[in-house]
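Peer 1: Provided herewith: model-v9.txt, compact mmCIF, C-alpha atoms.
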# COMPACT_ATOMS: atom_id res chain seq x y z
CA MET A 1 12.51 -53.54 -129.63
CA LYS A 2 11.31 -52.14 -132.93
CA ALA A 3 11.43 -48.41 -133.62
CA SER A 4 8.43 -46.23 -132.80
CA PRO A 5 7.53 -42.96 -134.58
CA GLU A 6 9.12 -41.06 -131.67
CA CYS A 7 12.42 -42.79 -132.42
CA TYR A 8 12.60 -41.00 -135.78
CA HIS A 9 12.67 -37.60 -134.09
CA CYS A 10 15.30 -38.81 -131.61
CA LEU A 11 17.50 -40.04 -134.48
CA GLU A 12 16.96 -36.73 -136.29
CA ARG A 13 18.22 -34.96 -133.19
CA LEU A 14 21.15 -37.38 -133.05
CA VAL A 15 22.16 -36.41 -136.59
CA ARG A 16 22.37 -32.74 -135.65
CA GLN A 17 24.16 -33.40 -132.38
CA ALA A 18 26.77 -35.79 -133.78
CA ALA A 19 27.53 -33.57 -136.77
CA GLY A 20 27.83 -30.53 -134.52
CA LEU A 21 30.26 -32.32 -132.23
CA ALA A 22 32.28 -33.75 -135.10
CA THR A 23 33.38 -30.51 -136.77
CA GLU A 24 33.32 -26.74 -136.54
CA ASP A 25 33.61 -26.48 -140.33
CA GLU A 26 30.12 -25.38 -141.37
CA HIS A 27 30.45 -26.80 -144.89
CA LEU A 28 31.49 -30.23 -143.60
CA ARG A 29 28.82 -30.09 -140.92
CA GLN A 30 26.07 -29.43 -143.42
CA LYS A 31 27.39 -32.19 -145.70
CA ALA A 32 27.44 -34.63 -142.78
CA VAL A 33 23.90 -33.67 -141.77
CA LYS A 34 22.64 -34.10 -145.33
CA GLU A 35 24.21 -37.52 -145.80
CA ALA A 36 23.18 -38.74 -142.36
CA ARG A 37 19.61 -37.52 -142.92
CA GLY A 38 19.64 -39.51 -146.15
CA VAL A 39 20.54 -42.63 -144.16
CA LEU A 40 17.78 -41.90 -141.66
CA ASP A 41 15.11 -41.36 -144.30
CA ARG A 42 16.21 -44.42 -146.27
CA ASP A 43 16.62 -46.89 -143.41
CA PHE A 44 14.11 -45.87 -140.74
CA SER A 45 11.19 -48.26 -140.49
CA PRO A 46 8.76 -49.55 -137.86
CA GLU A 47 10.27 -52.97 -138.59
CA GLN A 48 13.80 -51.77 -137.90
CA VAL A 49 15.68 -51.49 -134.60
CA SER A 50 16.69 -47.86 -134.10
CA ILE A 51 20.18 -48.90 -132.95
CA VAL A 52 20.92 -50.22 -136.45
CA VAL A 53 20.01 -46.86 -137.99
CA ALA A 54 21.99 -44.94 -135.34
CA THR A 55 25.07 -47.03 -136.11
CA ARG A 56 24.87 -46.13 -139.80
CA ILE A 57 24.31 -42.45 -138.98
CA HIS A 58 27.45 -42.34 -136.82
CA GLN A 59 29.49 -44.14 -139.46
CA VAL A 60 28.53 -41.61 -142.13
CA ILE A 61 29.26 -38.62 -139.89
CA ARG A 62 32.67 -39.97 -138.93
CA GLU A 63 33.52 -40.61 -142.58
CA VAL A 64 32.36 -37.22 -143.86
CA THR A 65 33.99 -35.15 -141.12
CA GLY A 66 37.11 -37.26 -140.68
CA ASN A 67 36.57 -37.19 -136.92
CA PRO A 68 36.88 -40.71 -135.43
CA ASP A 69 35.56 -39.69 -132.01
CA PRO A 70 33.07 -36.78 -132.08
CA TYR A 71 31.98 -37.44 -128.50
CA ARG A 72 35.47 -37.35 -126.97
CA ALA A 73 34.90 -34.10 -125.03
CA MET A 74 31.50 -35.28 -123.84
CA LYS A 75 33.03 -38.51 -122.56
CA GLY A 76 35.61 -36.48 -120.67
CA ASN A 77 32.83 -34.48 -119.02
CA GLU A 78 31.01 -37.68 -118.07
CA LEU A 79 34.15 -39.08 -116.47
CA ALA A 80 34.61 -35.84 -114.51
CA ILE A 81 31.05 -36.03 -113.15
CA SER A 82 31.53 -39.68 -112.22
CA ARG A 83 34.87 -39.11 -110.52
CA GLU A 84 33.28 -36.39 -108.40
CA LEU A 85 30.16 -38.33 -107.42
CA PHE A 86 31.49 -41.87 -107.14
CA PRO A 87 33.34 -41.72 -103.77
CA ARG A 88 30.28 -40.40 -101.94
CA MET A 89 27.83 -42.73 -103.70
CA ARG A 90 30.09 -45.73 -103.12
CA LEU A 91 29.54 -45.25 -99.39
CA ARG A 92 25.87 -46.21 -99.86
CA CYS A 93 26.90 -49.76 -100.66
CA LYS A 94 27.09 -52.34 -97.94
CA ASP A 95 28.04 -55.71 -99.35
CA ALA A 96 24.75 -56.97 -100.74
CA LEU A 97 24.64 -57.68 -104.46
CA VAL A 98 21.57 -55.46 -104.89
CA ASP A 99 23.51 -52.48 -103.49
CA TYR A 100 26.15 -52.90 -106.20
CA ILE A 101 23.41 -53.27 -108.83
CA ARG A 102 21.79 -50.03 -107.63
CA LEU A 103 25.14 -48.26 -107.76
CA ALA A 104 25.74 -49.43 -111.32
CA ALA A 105 22.19 -48.47 -112.32
CA ALA A 106 22.49 -44.97 -110.86
CA ALA A 107 25.17 -44.08 -113.39
CA ASN A 108 22.88 -44.99 -116.27
CA ALA A 109 21.31 -41.58 -115.67
CA ILE A 110 24.17 -40.45 -117.92
CA ASP A 111 22.95 -39.72 -121.44
CA PHE A 112 24.33 -37.65 -124.31
CA PHE A 113 20.99 -35.80 -124.63
CA ARG A 114 20.93 -34.75 -120.95
CA SER A 115 22.67 -31.81 -119.30
CA PRO A 116 25.40 -32.40 -116.68
CA GLU A 117 23.18 -30.75 -114.06
CA VAL A 118 20.27 -33.12 -114.70
CA ILE A 119 22.62 -36.11 -114.77
CA ALA A 120 24.20 -35.18 -111.43
CA GLU A 121 20.79 -34.57 -109.85
CA ASP A 122 19.46 -37.96 -110.96
CA MET A 123 22.61 -39.81 -109.97
CA ASN A 124 22.34 -38.40 -106.45
CA ARG A 125 18.83 -39.81 -106.08
CA ALA A 126 18.34 -43.16 -104.36
CA VAL A 127 17.69 -45.90 -106.90
CA ASP A 128 14.28 -47.52 -106.49
CA PHE A 129 13.70 -50.13 -109.18
CA ALA A 130 10.30 -50.07 -110.87
CA ARG A 131 11.06 -53.69 -111.72
CA ASP A 132 13.54 -55.56 -109.58
CA ASP A 133 14.75 -59.06 -110.47
CA SER A 134 17.99 -58.71 -108.51
CA GLU A 135 17.09 -61.54 -106.13
CA GLU A 136 16.44 -63.81 -109.09
CA LEU A 137 19.79 -62.81 -110.58
CA GLU A 138 21.50 -63.63 -107.28
CA ALA A 139 19.86 -67.05 -107.23
CA ARG A 140 20.91 -67.73 -110.82
CA LEU A 141 24.50 -66.75 -110.05
CA LYS A 142 24.81 -69.72 -107.69
CA GLY A 143 24.67 -72.09 -110.65
CA ALA A 144 26.62 -69.90 -113.08
CA ALA A 145 30.26 -70.09 -114.15
CA LYS A 146 30.55 -67.30 -116.75
CA VAL A 147 29.07 -63.79 -116.85
CA LEU A 148 29.37 -61.37 -119.76
CA TYR A 149 28.98 -57.74 -118.68
CA LEU A 150 28.05 -55.31 -121.47
CA ALA A 151 29.30 -51.81 -120.69
CA ASP A 152 27.38 -48.71 -121.76
CA ASN A 153 28.40 -45.06 -121.41
CA THR A 154 31.98 -44.11 -120.58
CA GLY A 155 31.02 -42.27 -117.41
CA GLU A 156 29.47 -45.45 -115.99
CA ILE A 157 32.68 -47.46 -115.77
CA TYR A 158 33.59 -46.26 -112.25
CA PHE A 159 30.14 -47.42 -111.10
CA ASP A 160 30.31 -50.74 -112.95
CA LEU A 161 33.62 -51.70 -111.35
CA PRO A 162 32.36 -52.53 -107.83
CA LEU A 163 29.66 -54.79 -109.30
CA VAL A 164 32.16 -56.47 -111.60
CA LYS A 165 34.49 -57.10 -108.65
CA LYS A 166 31.60 -58.44 -106.56
CA LEU A 167 30.60 -60.83 -109.34
CA ARG A 168 34.19 -61.98 -109.81
CA GLN A 169 34.11 -63.34 -106.26
CA GLN A 170 31.71 -66.00 -107.55
CA VAL A 171 32.10 -66.36 -111.32
CA GLU A 172 34.32 -65.59 -114.28
CA VAL A 173 33.41 -62.16 -115.67
CA LYS A 174 34.27 -60.62 -119.02
CA TYR A 175 33.65 -56.90 -119.42
CA ALA A 176 32.69 -55.99 -122.99
CA VAL A 177 33.26 -52.51 -124.46
CA LYS A 178 33.18 -51.09 -127.97
CA PRO A 179 36.20 -51.65 -130.27
CA SER A 180 36.26 -48.01 -131.37
CA PRO A 181 34.37 -44.81 -130.50
CA VAL A 182 30.64 -44.55 -131.11
CA GLN A 183 28.52 -41.98 -129.27
CA ASP A 184 29.71 -41.81 -125.67
CA ASP A 185 30.04 -45.58 -125.28
CA ALA A 186 33.03 -46.98 -123.40
CA THR A 187 36.11 -48.29 -125.21
CA ILE A 188 39.34 -49.85 -123.93
CA GLU A 189 41.02 -46.47 -124.45
CA ASP A 190 38.39 -44.83 -122.23
CA ILE A 191 39.09 -47.35 -119.47
CA ARG A 192 42.78 -46.57 -119.80
CA ASN A 193 42.15 -42.81 -119.70
CA ALA A 194 40.09 -43.25 -116.54
CA GLY A 195 43.05 -44.95 -114.84
CA LEU A 196 41.19 -48.25 -114.52
CA GLU A 197 43.23 -50.41 -116.88
CA GLY A 198 43.66 -53.84 -115.31
CA GLU A 199 40.94 -53.27 -112.72
CA PHE A 200 38.19 -55.08 -114.62
CA GLY A 201 40.08 -58.30 -115.25
CA ALA A 202 39.21 -59.72 -118.65
CA VAL A 203 38.09 -56.99 -121.06
CA ILE A 204 36.88 -57.81 -124.58
CA THR A 205 35.18 -55.82 -127.32
CA THR A 206 31.94 -56.40 -129.16
CA GLY A 207 33.79 -56.11 -132.45
CA VAL A 208 31.33 -53.55 -133.82
CA ALA A 209 31.12 -49.82 -133.14
CA SER A 210 27.40 -49.66 -132.49
CA PRO A 211 25.31 -48.37 -129.61
CA GLY A 212 23.98 -51.52 -127.99
CA VAL A 213 24.96 -54.75 -129.72
CA ILE A 214 24.04 -55.80 -133.24
CA LEU A 215 24.84 -59.49 -133.01
CA ASP A 216 24.86 -60.08 -136.76
CA SER A 217 27.68 -57.53 -137.08
CA ALA A 218 29.56 -58.44 -133.89
CA SER A 219 32.87 -60.31 -133.99
CA ALA A 220 32.95 -64.10 -133.97
CA GLN A 221 34.75 -63.99 -130.63
CA PHE A 222 32.06 -61.83 -129.07
CA ARG A 223 29.28 -64.04 -130.42
CA ARG A 224 30.99 -67.07 -128.88
CA GLU A 225 31.27 -65.30 -125.53
CA PHE A 226 27.65 -64.20 -125.75
CA SER A 227 26.47 -67.71 -126.54
CA SER A 228 28.56 -69.45 -123.88
CA ALA A 229 27.84 -67.03 -121.02
CA ASP A 230 25.49 -68.33 -118.35
CA LEU A 231 24.31 -64.80 -117.62
CA ILE A 232 24.63 -61.49 -119.44
CA ILE A 233 24.41 -58.16 -117.64
CA ALA A 234 23.35 -55.56 -120.20
CA LYS A 235 23.70 -51.93 -119.15
CA GLY A 236 21.69 -49.17 -120.77
CA MET A 237 18.81 -48.61 -123.16
CA GLY A 238 20.82 -49.39 -126.29
CA HIS A 239 21.39 -52.96 -125.17
CA TYR A 240 17.73 -53.34 -124.29
CA GLU A 241 16.64 -51.98 -127.66
CA SER A 242 18.88 -54.38 -129.56
CA LEU A 243 18.84 -57.54 -127.41
CA SER A 244 15.14 -57.53 -126.55
CA GLU A 245 14.56 -58.67 -130.14
CA LEU A 246 16.09 -62.04 -129.18
CA PRO A 247 13.90 -64.82 -127.79
CA PRO A 248 13.77 -64.61 -123.98
CA GLU A 249 16.01 -67.25 -122.41
CA GLY A 250 16.17 -65.94 -118.86
CA LYS A 251 19.86 -65.10 -119.12
CA VAL A 252 19.98 -61.39 -120.00
CA PHE A 253 19.78 -59.05 -117.00
CA TYR A 254 18.91 -55.51 -118.12
CA CYS A 255 20.12 -52.75 -115.80
CA LEU A 256 19.07 -49.30 -116.94
CA MET A 257 17.20 -46.06 -116.53
CA ALA A 258 14.28 -45.81 -118.96
CA LYS A 259 15.03 -42.29 -120.23
CA CYS A 260 12.69 -42.16 -123.21
CA ASN A 261 9.00 -42.90 -123.74
CA PRO A 262 9.38 -45.80 -126.22
CA VAL A 263 11.74 -47.75 -123.95
CA ALA A 264 9.69 -47.00 -120.84
CA SER A 265 6.51 -48.09 -122.64
CA SER A 266 8.14 -51.29 -123.88
CA LEU A 267 9.23 -52.11 -120.33
CA GLY A 268 5.87 -51.10 -118.83
CA VAL A 269 7.42 -48.60 -116.39
CA PRO A 270 7.24 -44.81 -115.94
CA ARG A 271 9.78 -42.71 -117.82
CA ASN A 272 13.02 -42.05 -115.91
CA SER A 273 12.49 -45.05 -113.65
CA TYR A 274 15.13 -47.69 -113.02
CA VAL A 275 14.83 -51.31 -114.12
CA ALA A 276 16.69 -54.46 -113.11
CA MET A 277 15.04 -57.12 -115.23
CA LEU A 278 16.03 -60.70 -116.02
CA ARG A 279 14.62 -61.86 -119.33
If you convert what's in this file into structure tokens, what do you get?

Peer 2:
Amino acid sequence: MKASPECYHCLERLVRQAAGLATEDEHLRQKAVKEARGVLDRDFSPEQVSIVVATRIHQVIREVTGNPDPYRAMKGNELAISRELFPRMRLRCKDALVDYIRLAAAANAIDFFRSPEVIAEDMNRAVDFARDDSEELEARLKGAAKVLYLADNTGEIYFDLPLVKKLRQQVEVKYAVKPSPVQDDATIEDIRNAGLEGEFGAVITTGVASPGVILDSASAQFRREFSSADLIIAKGMGHYESLSELPPEGKVFYCLMAKCNPVASSLGVPRNSYVAMLR
């Protein structure tokens, strides 16, 4: 998905947010904002994927401020919200695959631009998919051997786990996180901090600290896993923005809440609606 004009303003907001979270030193903050704005103005283009620009923005801010994980406190807040809501929401699940997909999707209401109150309110709502290919996914699983599950925000990991465990009853599953902090995306350290180390089975990293996945920059191991997987479950808008540029092969299952106008428009659904789409 190529960037739209609205994406520029979102990235501009990201610069200010990330720099503000990275340091309380006003001089360093202003320097980080200036250098990150330079990246934005230089690299933003309607032919570019916004995730690529966001990755460069975060890299500059981390380098200038010396803070390797500006979103650490935010990730802690997300985990706290999830720990509180998960036990009650887990009770909604019976044992149908679609119930586990809905549970995983509900947590994609988490977003670093949204307040905890809004996140909690949305997560408590019943998930009604504006597009629902979950039955098609279930049919495809019968002939699959390997699934690659691309994790998104740290607070979602509690809600991903039941789906991962359900899938592992049928196929081999590898859960992919980021190798190091970027935005509020999940890392192996975040899984450990949540007390879920060992629960997911095989955990790998994408090899690149980017929101979504930039395949050209990902590790060779991750690219092999991506290529050899029969199905890929891609959580969140970042994965849709980056992977929707690939030719459709009917193996990537996007599970997300369309929280911004460009993504919602690209998917052909109303903003803030849920999508479970096989492409």

Peer 1: For Leu141 in chain A, find every residue with an atom within 8 Å (counting all atoms listed in the file), except residues of its own chain fewer than 4 positions away, and show them as a list in words.

Peer 2: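 Answer for this query is Leu137, Ala145, Gln170, Val171 and Leu231 of chain A.
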
Peer 1: I need the residue nearest Asn77 in chain A from this list: A:Glu47, A:Ala202, A:Glu26, A:Pro116. Use all atoms listed in the file for the distance.

Peer 2: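 Checking each candidate against Asn77 in chain A, we get A:Pro116 as the closest.
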
Peer 1: Taking the point (33.7, -60.4, -107.2) as given in the file, collect each protein or nucleic acid residue that comes within 12 Å of it, counting only C-alpha atoms, and present the set as an NGL selection string.

Peer 2: :A and (95-97 or 100 or 141 or 147 or 160-174 or 199-201)

Peer 1: Which value, in Å to one decimal, gives the distance between CA of Asp128 in chain A and CA of Asp152 in chain A?

Peer 2: 20.2 Å

Peer 1: Name the residues in contact with Pro5 in chain A at a cut-off of 10 Å, using all atoms listed in the file, excluding same-chain residues fewer than 5 positions from it; report them as a list in words.

Peer 2: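 My reading of the contact set: Cys10, Phe44, Ser45, Pro46 and Pro262 of chain A.
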
Peer 1: Would you work out the distance separating CA of Lys235 in chain A from CA of Cys255 in chain A, expressed in Å to one decimal?

Peer 2: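 Between CA of Lys235 in chain A and CA of Cys255 in chain A the gap works out to 5.0 Å.
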
Peer 1: Need to verify the contact set: Pro87 in chain A, 12 Å, all atoms listed in the file, exclusion of same-chain residues closer than 3 positions in sequence. Can you return it as a count of residues only?

Peer 2: 13

Peer 1: Measuring between all atoms listed in the file, which one of A:Asp25, A:Val177, A:Val60, A:Ser4 shows the shortest distance to Ser265 in chain A?

Peer 2: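 For Ser265 in chain A, the nearest of the given residues is A:Ser4.
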
Peer 1: From (29.1, -58.5, -129.0), in the file's coordinates, out to 12 Å: which residues are reached, counting all atoms listed in the file? Answer as an NGL selection string.

Peer 2: :A and (148-151 or 174-179 or 204-227 or 229 or 232 or 234 or 239 or 242-243)

Peer 1: Produce the centre coordinates and the three edge lengths, each in Å to one decimal, of the box along x, y and z that contains all listed atoms of range 71-77 of chain A with 4 Å added on each side, as lines of an AutoDock Vina configuration file.

Peer 2:
center_x = 33.6
center_y = -36.3
center_z = -123.8
size_x = 12.1
size_y = 12.4
size_z = 17.5

Peer 1: Between A:Pro248, A:Gly198, A:Gly38, A:Pro70, which is the closest to Thr23 in chain A once you count all atoms listed in the file?

Peer 2: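 Of A:Pro248, A:Gly198, A:Gly38, A:Pro70, the one nearest Thr23 in chain A is A:Pro70, counting all atoms listed in the file.
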
Peer 1: When you count all atoms listed in the file, which of these residues is closest to Asn153 in chain A: A:Met74, A:Ala139, A:Ile233, A:Val118?

Peer 2: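 Checking each candidate against Asn153 in chain A, we get A:Met74 as the closest.
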
Peer 1: At what distance in Å, to one decimal, does CA of Tyr254 in chain A lie from CA of Tyr240 in chain A?

Peer 2: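 Calculated distance between CA of Tyr240 in chain A and CA of Tyr254 in chain A is 6.6 Å.
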
Peer 1: With only C-alpha atoms as the basis for distance, which of A:Ala54, A:Met277, A:Val49, A:Met1 is at the shortest distance from Leu256 in chain A?

Peer 2: A:Met277
